[in-house]
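Notes follow the structure.
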Amino acid sequence: MGKMRTHSARWRAGAVIASALLVGSMAACGNSDTGGGSSDDGKLTLGFSQVGAESGWRTANTTSIKEAAAAAGVELKFDDAQQKQENQIKAIRNYIQQKVDVIAFSPVVESGWDTVLKEAKDADIPVILTDRSVDSADKSLYKTFLGSDFVKEGRLAGEWLVEQKKTASGPVNIVELQGNTGAAPANDRKKGFGEAIAANPNLKIIASQPGDFTRAGGKAVMEQFLKANPKIDVLFAHNDDMGLGALEAITAAGKVPGKDITIITVDAVKDGMQALADGKFNFIAECSPLLGPQLMDLAKKVHAGEEVPARIETEETTFTQEQAKEALPNRKY
Ligand code: AHR
């Protein structure tokens with residue numbers, strides 16, 4: 001009898017705790033349903049819309065952002081847009097509805113952001129652009145842009161080529177693998193490279209097409225280039241991954257990458273650096289994906305209402321084959 005009373009008392013106590021937990025969790029759901037996405041534990045909530053997972057660079061960038069958020073005590077809401085602008089706009093609208101403290105995103109393309117950025121501004125949520133910028137004329141729609149100078153990366157790639165080919169007597173045929181159409185790094189790297197080689201009539205871009213920053217895209221487009229053009233001297237790929245995909249096409253066509261065709265890329269992720277150290281690539285202009293710690297710092301500052309610089313440029317370098325051999329053992333990504 002005594003035992004039974006103890007059991008039923010325990011059961012009642014358990015039921016009370018369970019229903020309290022249920023009410024608590026329903027209240028939490030209600031908060032987020034009604035837009036209470038901002039955490040009430042004093043943590044800053046950052047909504048981040050990532051471009052996708054198209055390249056080694058992107059994977060390293062995502063890791064950097066997630067690790068930095070955890071280290072900085074920032075509650076991160078992360079969305080992968082799978083290279084689609086409509087997914088990014090949807091994610092940003094969700095973050096606005098959830099009333100996050102700060103929104104950050106890396107825009108898949110440059111144009112078409114004014115409406116959603118205005119919605120964030122009207123909701124009083126500061127926006128930070130990371131990695132890629134937008135072409136909005138109204139600069140008050142975002143607080144700052146943290147990322148690389150893509151024009152400079154293209155220019156550094158072009159200047160290296162000009163130096164290498166300065167004694168070439170005949171025409172030097174160049175093919176170019178661009179990033180996804182409309183993306184800032186595709187537009188800007190093309191521009192910088194074109195400007196750097198412009199004064200040298202020997203250096204001619206004979207074909208230029210998007211490979212979408214992916215290995216598969218780089219391989220497929222390079223196959224077409226090789227079929228259509230019997231003499232290709234140089235490949236300029238807007239990132240390592242497209243260059244790595246192109247290596248397969250070049251080898252399959254019976255040519256020796258790095259010798260028959262000079263290969264220049266951008267990024268300097270581990271696989272790209274390995275190809276450079278192995279003599280399959282010839283030159284890489286670096287683009288650093290390690291933006292996480294700076295992003296968390298900026299998010300805290302803009303949330304606190306502090307002034308931040310309108311533009312923060314990432315520090316970067318370039319690599320030759322010899323420099324890649326030296327740098328590889330310590331390369332983190
Ligand atoms: O925006 C940065 C670019 O995007 C990187 O160079 C490329 O690898 C990525 O996909």
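Residue numbers start at 1 in each chain; chains themselves are named A, B, ... in the order of the structure tokens; ligands are numbered from 1 in the order shown.
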
As number ranges by chain, please: every residue in segment 236-275 of chain A that DSSP puts in alpha helix (DSSP H).
A: 240-252, 270-275

N, CA and C atoms of the current selection, written as a short mmCIF file (atom, residue, chain, number, x, y, z; two decimals), in the first residue's frame:
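Done, and the output landed in out.cif:
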```cif
data_model
loop_
_atom_site.label_atom_id
_atom_site.label_comp_id
_atom_site.auth_asym_id
_atom_site.auth_seq_id
_atom_site.Cartn_x
_atom_site.Cartn_y
_atom_site.Cartn_z
N ASP A 240 39.91 27.64 -57.93
CA ASP A 240 40.66 26.39 -57.95
C ASP A 240 39.80 25.22 -58.43
N ASP A 241 38.56 25.16 -57.92
CA ASP A 241 37.73 24.00 -58.24
C ASP A 241 37.52 23.83 -59.74
N MET A 242 37.23 24.92 -60.43
CA MET A 242 37.06 24.81 -61.89
C MET A 242 38.38 24.39 -62.55
N GLY A 243 39.48 24.92 -62.02
CA GLY A 243 40.80 24.53 -62.54
C GLY A 243 41.06 23.05 -62.34
N LEU A 244 40.64 22.54 -61.16
CA LEU A 244 40.85 21.11 -60.85
C LEU A 244 39.99 20.24 -61.76
N GLY A 245 38.76 20.68 -62.02
CA GLY A 245 37.91 19.95 -62.98
C GLY A 245 38.53 19.96 -64.37
N ALA A 246 39.06 21.12 -64.75
CA ALA A 246 39.66 21.27 -66.08
C ALA A 246 40.88 20.35 -66.25
N LEU A 247 41.60 20.09 -65.14
CA LEU A 247 42.79 19.20 -65.21
C LEU A 247 42.41 17.85 -65.82
N GLU A 248 41.23 17.35 -65.40
CA GLU A 248 40.78 16.03 -65.89
C GLU A 248 40.56 16.08 -67.40
N ALA A 249 39.92 17.16 -67.86
CA ALA A 249 39.64 17.30 -69.29
C ALA A 249 40.94 17.42 -70.08
N ILE A 250 41.89 18.18 -69.54
CA ILE A 250 43.16 18.41 -70.23
C ILE A 250 43.96 17.10 -70.34
N THR A 251 44.00 16.36 -69.23
CA THR A 251 44.73 15.08 -69.24
C THR A 251 44.07 14.11 -70.20
N ALA A 252 42.72 14.07 -70.17
CA ALA A 252 42.00 13.15 -71.06
C ALA A 252 42.24 13.50 -72.52
N LYS A 270 43.51 24.03 -50.26
CA LYS A 270 44.52 22.97 -50.18
C LYS A 270 44.69 22.18 -51.49
N ASP A 271 43.56 21.75 -52.09
CA ASP A 271 43.66 20.95 -53.32
C ASP A 271 44.30 21.75 -54.46
N GLY A 272 43.97 23.04 -54.50
CA GLY A 272 44.56 23.91 -55.53
C GLY A 272 46.05 24.06 -55.28
N MET A 273 46.41 24.27 -54.02
CA MET A 273 47.83 24.43 -53.66
C MET A 273 48.60 23.15 -53.94
N GLN A 274 47.95 22.00 -53.74
CA GLN A 274 48.62 20.72 -54.03
C GLN A 274 48.90 20.62 -55.53
N ALA A 275 47.89 21.00 -56.35
CA ALA A 275 48.07 20.96 -57.81
C ALA A 275 49.19 21.91 -58.24
#
```

Next on the checklist: Which residues are near ligand 1 in this structure, taking near to mean any atom at most 10 Å from a ligand atom and counting only C-alpha atoms and all ligand atoms? Format them as number ranges by chain.
Outcome noted: A: 51-61, 83, 106-109, 130-133, 147-148, 150, 153, 179-180, 183-186, 189, 212-214, 237-242, 265-269, 285-289

Mind dumping the selected residues with N, CA and C atoms as a short mmCIF file (atom, residue, chain, number, x, y, z; two decimals), in the first residue's frame?
```
data_model
loop_
_atom_site.label_atom_id
_atom_site.label_comp_id
_atom_site.auth_asym_id
_atom_site.auth_seq_id
_atom_site.Cartn_x
_atom_site.Cartn_y
_atom_site.Cartn_z
N VAL A 51 25.87 31.28 -49.84
CA VAL A 51 25.64 31.04 -51.28
C VAL A 51 25.26 29.58 -51.55
N GLY A 52 26.07 28.65 -51.02
CA GLY A 52 25.86 27.23 -51.32
C GLY A 52 27.05 26.44 -50.81
N ALA A 53 27.37 25.37 -51.52
CA ALA A 53 28.52 24.54 -51.15
C ALA A 53 29.25 24.15 -52.44
N GLU A 54 29.39 25.15 -53.32
CA GLU A 54 29.88 24.87 -54.68
C GLU A 54 31.37 24.56 -54.78
N SER A 55 32.14 24.97 -53.77
CA SER A 55 33.60 24.85 -53.92
C SER A 55 34.28 24.58 -52.58
N GLY A 56 35.57 24.21 -52.65
CA GLY A 56 36.35 24.01 -51.43
C GLY A 56 36.43 25.31 -50.64
N TRP A 57 36.50 26.42 -51.37
CA TRP A 57 36.53 27.75 -50.73
C TRP A 57 35.27 27.95 -49.89
N ARG A 58 34.13 27.61 -50.48
CA ARG A 58 32.85 27.85 -49.80
C ARG A 58 32.75 26.99 -48.54
N THR A 59 33.22 25.74 -48.62
CA THR A 59 33.17 24.85 -47.45
C THR A 59 34.03 25.43 -46.33
N ALA A 60 35.21 25.93 -46.69
CA ALA A 60 36.10 26.52 -45.69
C ALA A 60 35.48 27.78 -45.09
N ASN A 61 34.77 28.55 -45.91
CA ASN A 61 34.12 29.78 -45.45
C ASN A 61 32.99 29.45 -44.45
N GLN A 83 23.06 28.11 -54.33
CA GLN A 83 23.38 28.96 -55.49
C GLN A 83 22.14 29.61 -56.11
N SER A 106 26.20 36.38 -48.17
CA SER A 106 27.17 36.43 -49.25
C SER A 106 26.34 36.31 -50.54
N PRO A 107 26.09 37.42 -51.24
CA PRO A 107 25.11 37.41 -52.34
C PRO A 107 25.57 36.59 -53.55
N VAL A 108 24.74 35.66 -53.96
CA VAL A 108 25.11 34.78 -55.09
C VAL A 108 25.34 35.58 -56.37
N VAL A 109 24.54 36.63 -56.59
CA VAL A 109 24.75 37.54 -57.72
C VAL A 109 24.76 38.97 -57.18
N THR A 130 29.14 39.83 -46.64
CA THR A 130 30.44 39.19 -46.50
C THR A 130 30.80 38.50 -47.80
N ASP A 131 32.07 38.47 -48.10
CA ASP A 131 32.64 37.81 -49.28
C ASP A 131 32.29 38.55 -50.58
N ARG A 132 30.98 38.67 -50.90
CA ARG A 132 30.59 39.31 -52.15
C ARG A 132 29.70 40.53 -51.88
N SER A 133 29.77 41.48 -52.78
CA SER A 133 28.97 42.68 -52.59
C SER A 133 27.75 42.71 -53.51
N GLY A 147 35.25 41.60 -47.32
CA GLY A 147 35.63 40.59 -48.32
C GLY A 147 36.81 41.03 -49.17
N SER A 148 37.09 40.21 -50.17
CA SER A 148 38.28 40.41 -51.01
C SER A 148 38.05 41.48 -52.07
N PHE A 150 38.14 41.47 -55.66
CA PHE A 150 38.17 40.49 -56.75
C PHE A 150 38.82 41.05 -58.02
N GLU A 153 42.45 40.53 -57.60
CA GLU A 153 42.84 39.12 -57.81
C GLU A 153 43.00 38.83 -59.31
N GLY A 179 33.22 32.29 -63.12
CA GLY A 179 32.31 31.85 -62.06
C GLY A 179 30.87 31.98 -62.53
N ASN A 180 29.91 31.78 -61.62
CA ASN A 180 28.51 31.82 -62.06
C ASN A 180 28.12 33.21 -62.56
N ALA A 183 27.78 36.90 -60.70
CA ALA A 183 28.43 36.95 -59.38
C ALA A 183 29.55 37.98 -59.39
N ALA A 184 29.71 38.68 -58.27
CA ALA A 184 30.76 39.70 -58.18
C ALA A 184 32.15 39.13 -58.51
N PRO A 185 32.55 37.96 -57.96
CA PRO A 185 33.89 37.48 -58.29
C PRO A 185 34.06 37.11 -59.76
N ALA A 186 32.98 36.71 -60.42
CA ALA A 186 33.06 36.40 -61.86
C ALA A 186 33.24 37.69 -62.65
N ARG A 189 36.81 39.46 -61.47
CA ARG A 189 38.06 38.77 -61.86
C ARG A 189 38.24 38.86 -63.36
N ASP A 212 30.53 27.98 -63.32
CA ASP A 212 29.76 28.03 -62.07
C ASP A 212 30.55 27.75 -60.80
N PHE A 213 31.85 27.93 -60.84
CA PHE A 213 32.71 27.75 -59.67
C PHE A 213 32.78 26.30 -59.19
N THR A 214 32.31 25.33 -60.01
CA THR A 214 32.33 23.93 -59.57
C THR A 214 33.34 23.11 -60.39
N ALA A 237 41.24 30.19 -64.75
CA ALA A 237 40.01 29.72 -64.09
C ALA A 237 39.74 30.62 -62.89
N HIS A 238 38.49 31.07 -62.76
CA HIS A 238 38.16 32.01 -61.69
C HIS A 238 38.20 31.39 -60.30
N ASN A 239 38.35 30.06 -60.21
CA ASN A 239 38.64 29.47 -58.89
C ASN A 239 39.37 28.13 -59.05
N ASP A 240 39.91 27.64 -57.93
CA ASP A 240 40.66 26.39 -57.95
C ASP A 240 39.80 25.22 -58.43
N ASP A 241 38.56 25.16 -57.92
CA ASP A 241 37.73 24.00 -58.24
C ASP A 241 37.52 23.83 -59.74
N MET A 242 37.23 24.92 -60.43
CA MET A 242 37.06 24.81 -61.89
C MET A 242 38.38 24.39 -62.55
N THR A 265 44.81 30.12 -61.47
CA THR A 265 43.51 30.07 -60.80
C THR A 265 43.47 31.10 -59.66
N VAL A 266 42.34 31.10 -58.95
CA VAL A 266 42.17 31.98 -57.79
C VAL A 266 41.65 31.13 -56.63
N ASP A 267 42.02 31.45 -55.42
CA ASP A 267 41.56 30.87 -54.14
C ASP A 267 42.72 30.41 -53.26
N ALA A 268 43.49 29.40 -53.73
CA ALA A 268 44.56 28.79 -52.92
C ALA A 268 44.01 27.93 -51.79
N VAL A 269 42.98 27.12 -52.08
CA VAL A 269 42.56 26.10 -51.12
C VAL A 269 43.55 24.93 -51.23
N ALA A 285 46.20 33.25 -57.42
CA ALA A 285 45.95 34.48 -56.66
C ALA A 285 45.06 34.08 -55.49
N GLU A 286 45.50 34.41 -54.29
CA GLU A 286 44.76 33.95 -53.10
C GLU A 286 43.46 34.73 -52.89
N CYS A 287 42.44 34.01 -52.38
CA CYS A 287 41.20 34.62 -51.92
C CYS A 287 40.88 33.94 -50.59
N SER A 288 40.94 34.67 -49.50
CA SER A 288 40.81 34.01 -48.20
C SER A 288 39.35 33.80 -47.79
N PRO A 289 39.01 32.55 -47.39
CA PRO A 289 37.64 32.28 -46.92
C PRO A 289 37.46 32.47 -45.41
#
```

Check your understanding: Tell me, which residues of segment 23-127 of chain A carry DSSP strand (DSSP E or B), written as a ChimeraX atom specification?
Key -> /A:45-50,75-80,102-105,127

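Residue nearest Phe283 of chain A, chosen from A:Met296, A:Leu328, A:Leu161, A:Ala199 and counting only C-alpha atoms: A:Leu161.
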
Interface rows for segment 140-161 of chain A against segment 305-308 of chain A: nearest pair, Å to one decimal, 12 Å, only C-alpha atoms, as a Markdown table:
```
| residue | atom | partner | partner_atom | distance |
| --- | --- | --- | --- | --- |
| A:Tyr142 | CA | A:Val308 | CA | 11.1 |
| A:Lys143 | CA | A:Val308 | CA | 7.4 |
| A:Thr144 | CA | A:Val308 | CA | 7.0 |
| A:Phe145 | CA | A:Val308 | CA | 10.0 |
| A:Leu146 | CA | A:Val308 | CA | 10.7 |
```

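Distances from A:Ala220, A:Gly211, A:Gly258, A:Ala253 to Val234 of chain A were compared using only C-alpha atoms, and the smallest one belongs to A:Gly258.
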
Checklist entry - Got a sec: who's within 7 Å of Gln209 of chain A, counting only C-alpha atoms, leaving out chain neighbours fewer than 2 positions off, as an MDAnalysis selection string? => result chainID A and resid 176:178 207 211

Residues within 12 Å of Val127 of chain A, only C-alpha atoms, excluding chain neighbours under 2 positions, as a ChimeraX atom specification: /A:46-49,92,95-96,100-107,113,116-125,129-130,133-134,139-146,295,298-303,310

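Take atom CA of Gly194 of chain A and atom CA of Ser208 of chain A: the distance between them is 11.3 Å.
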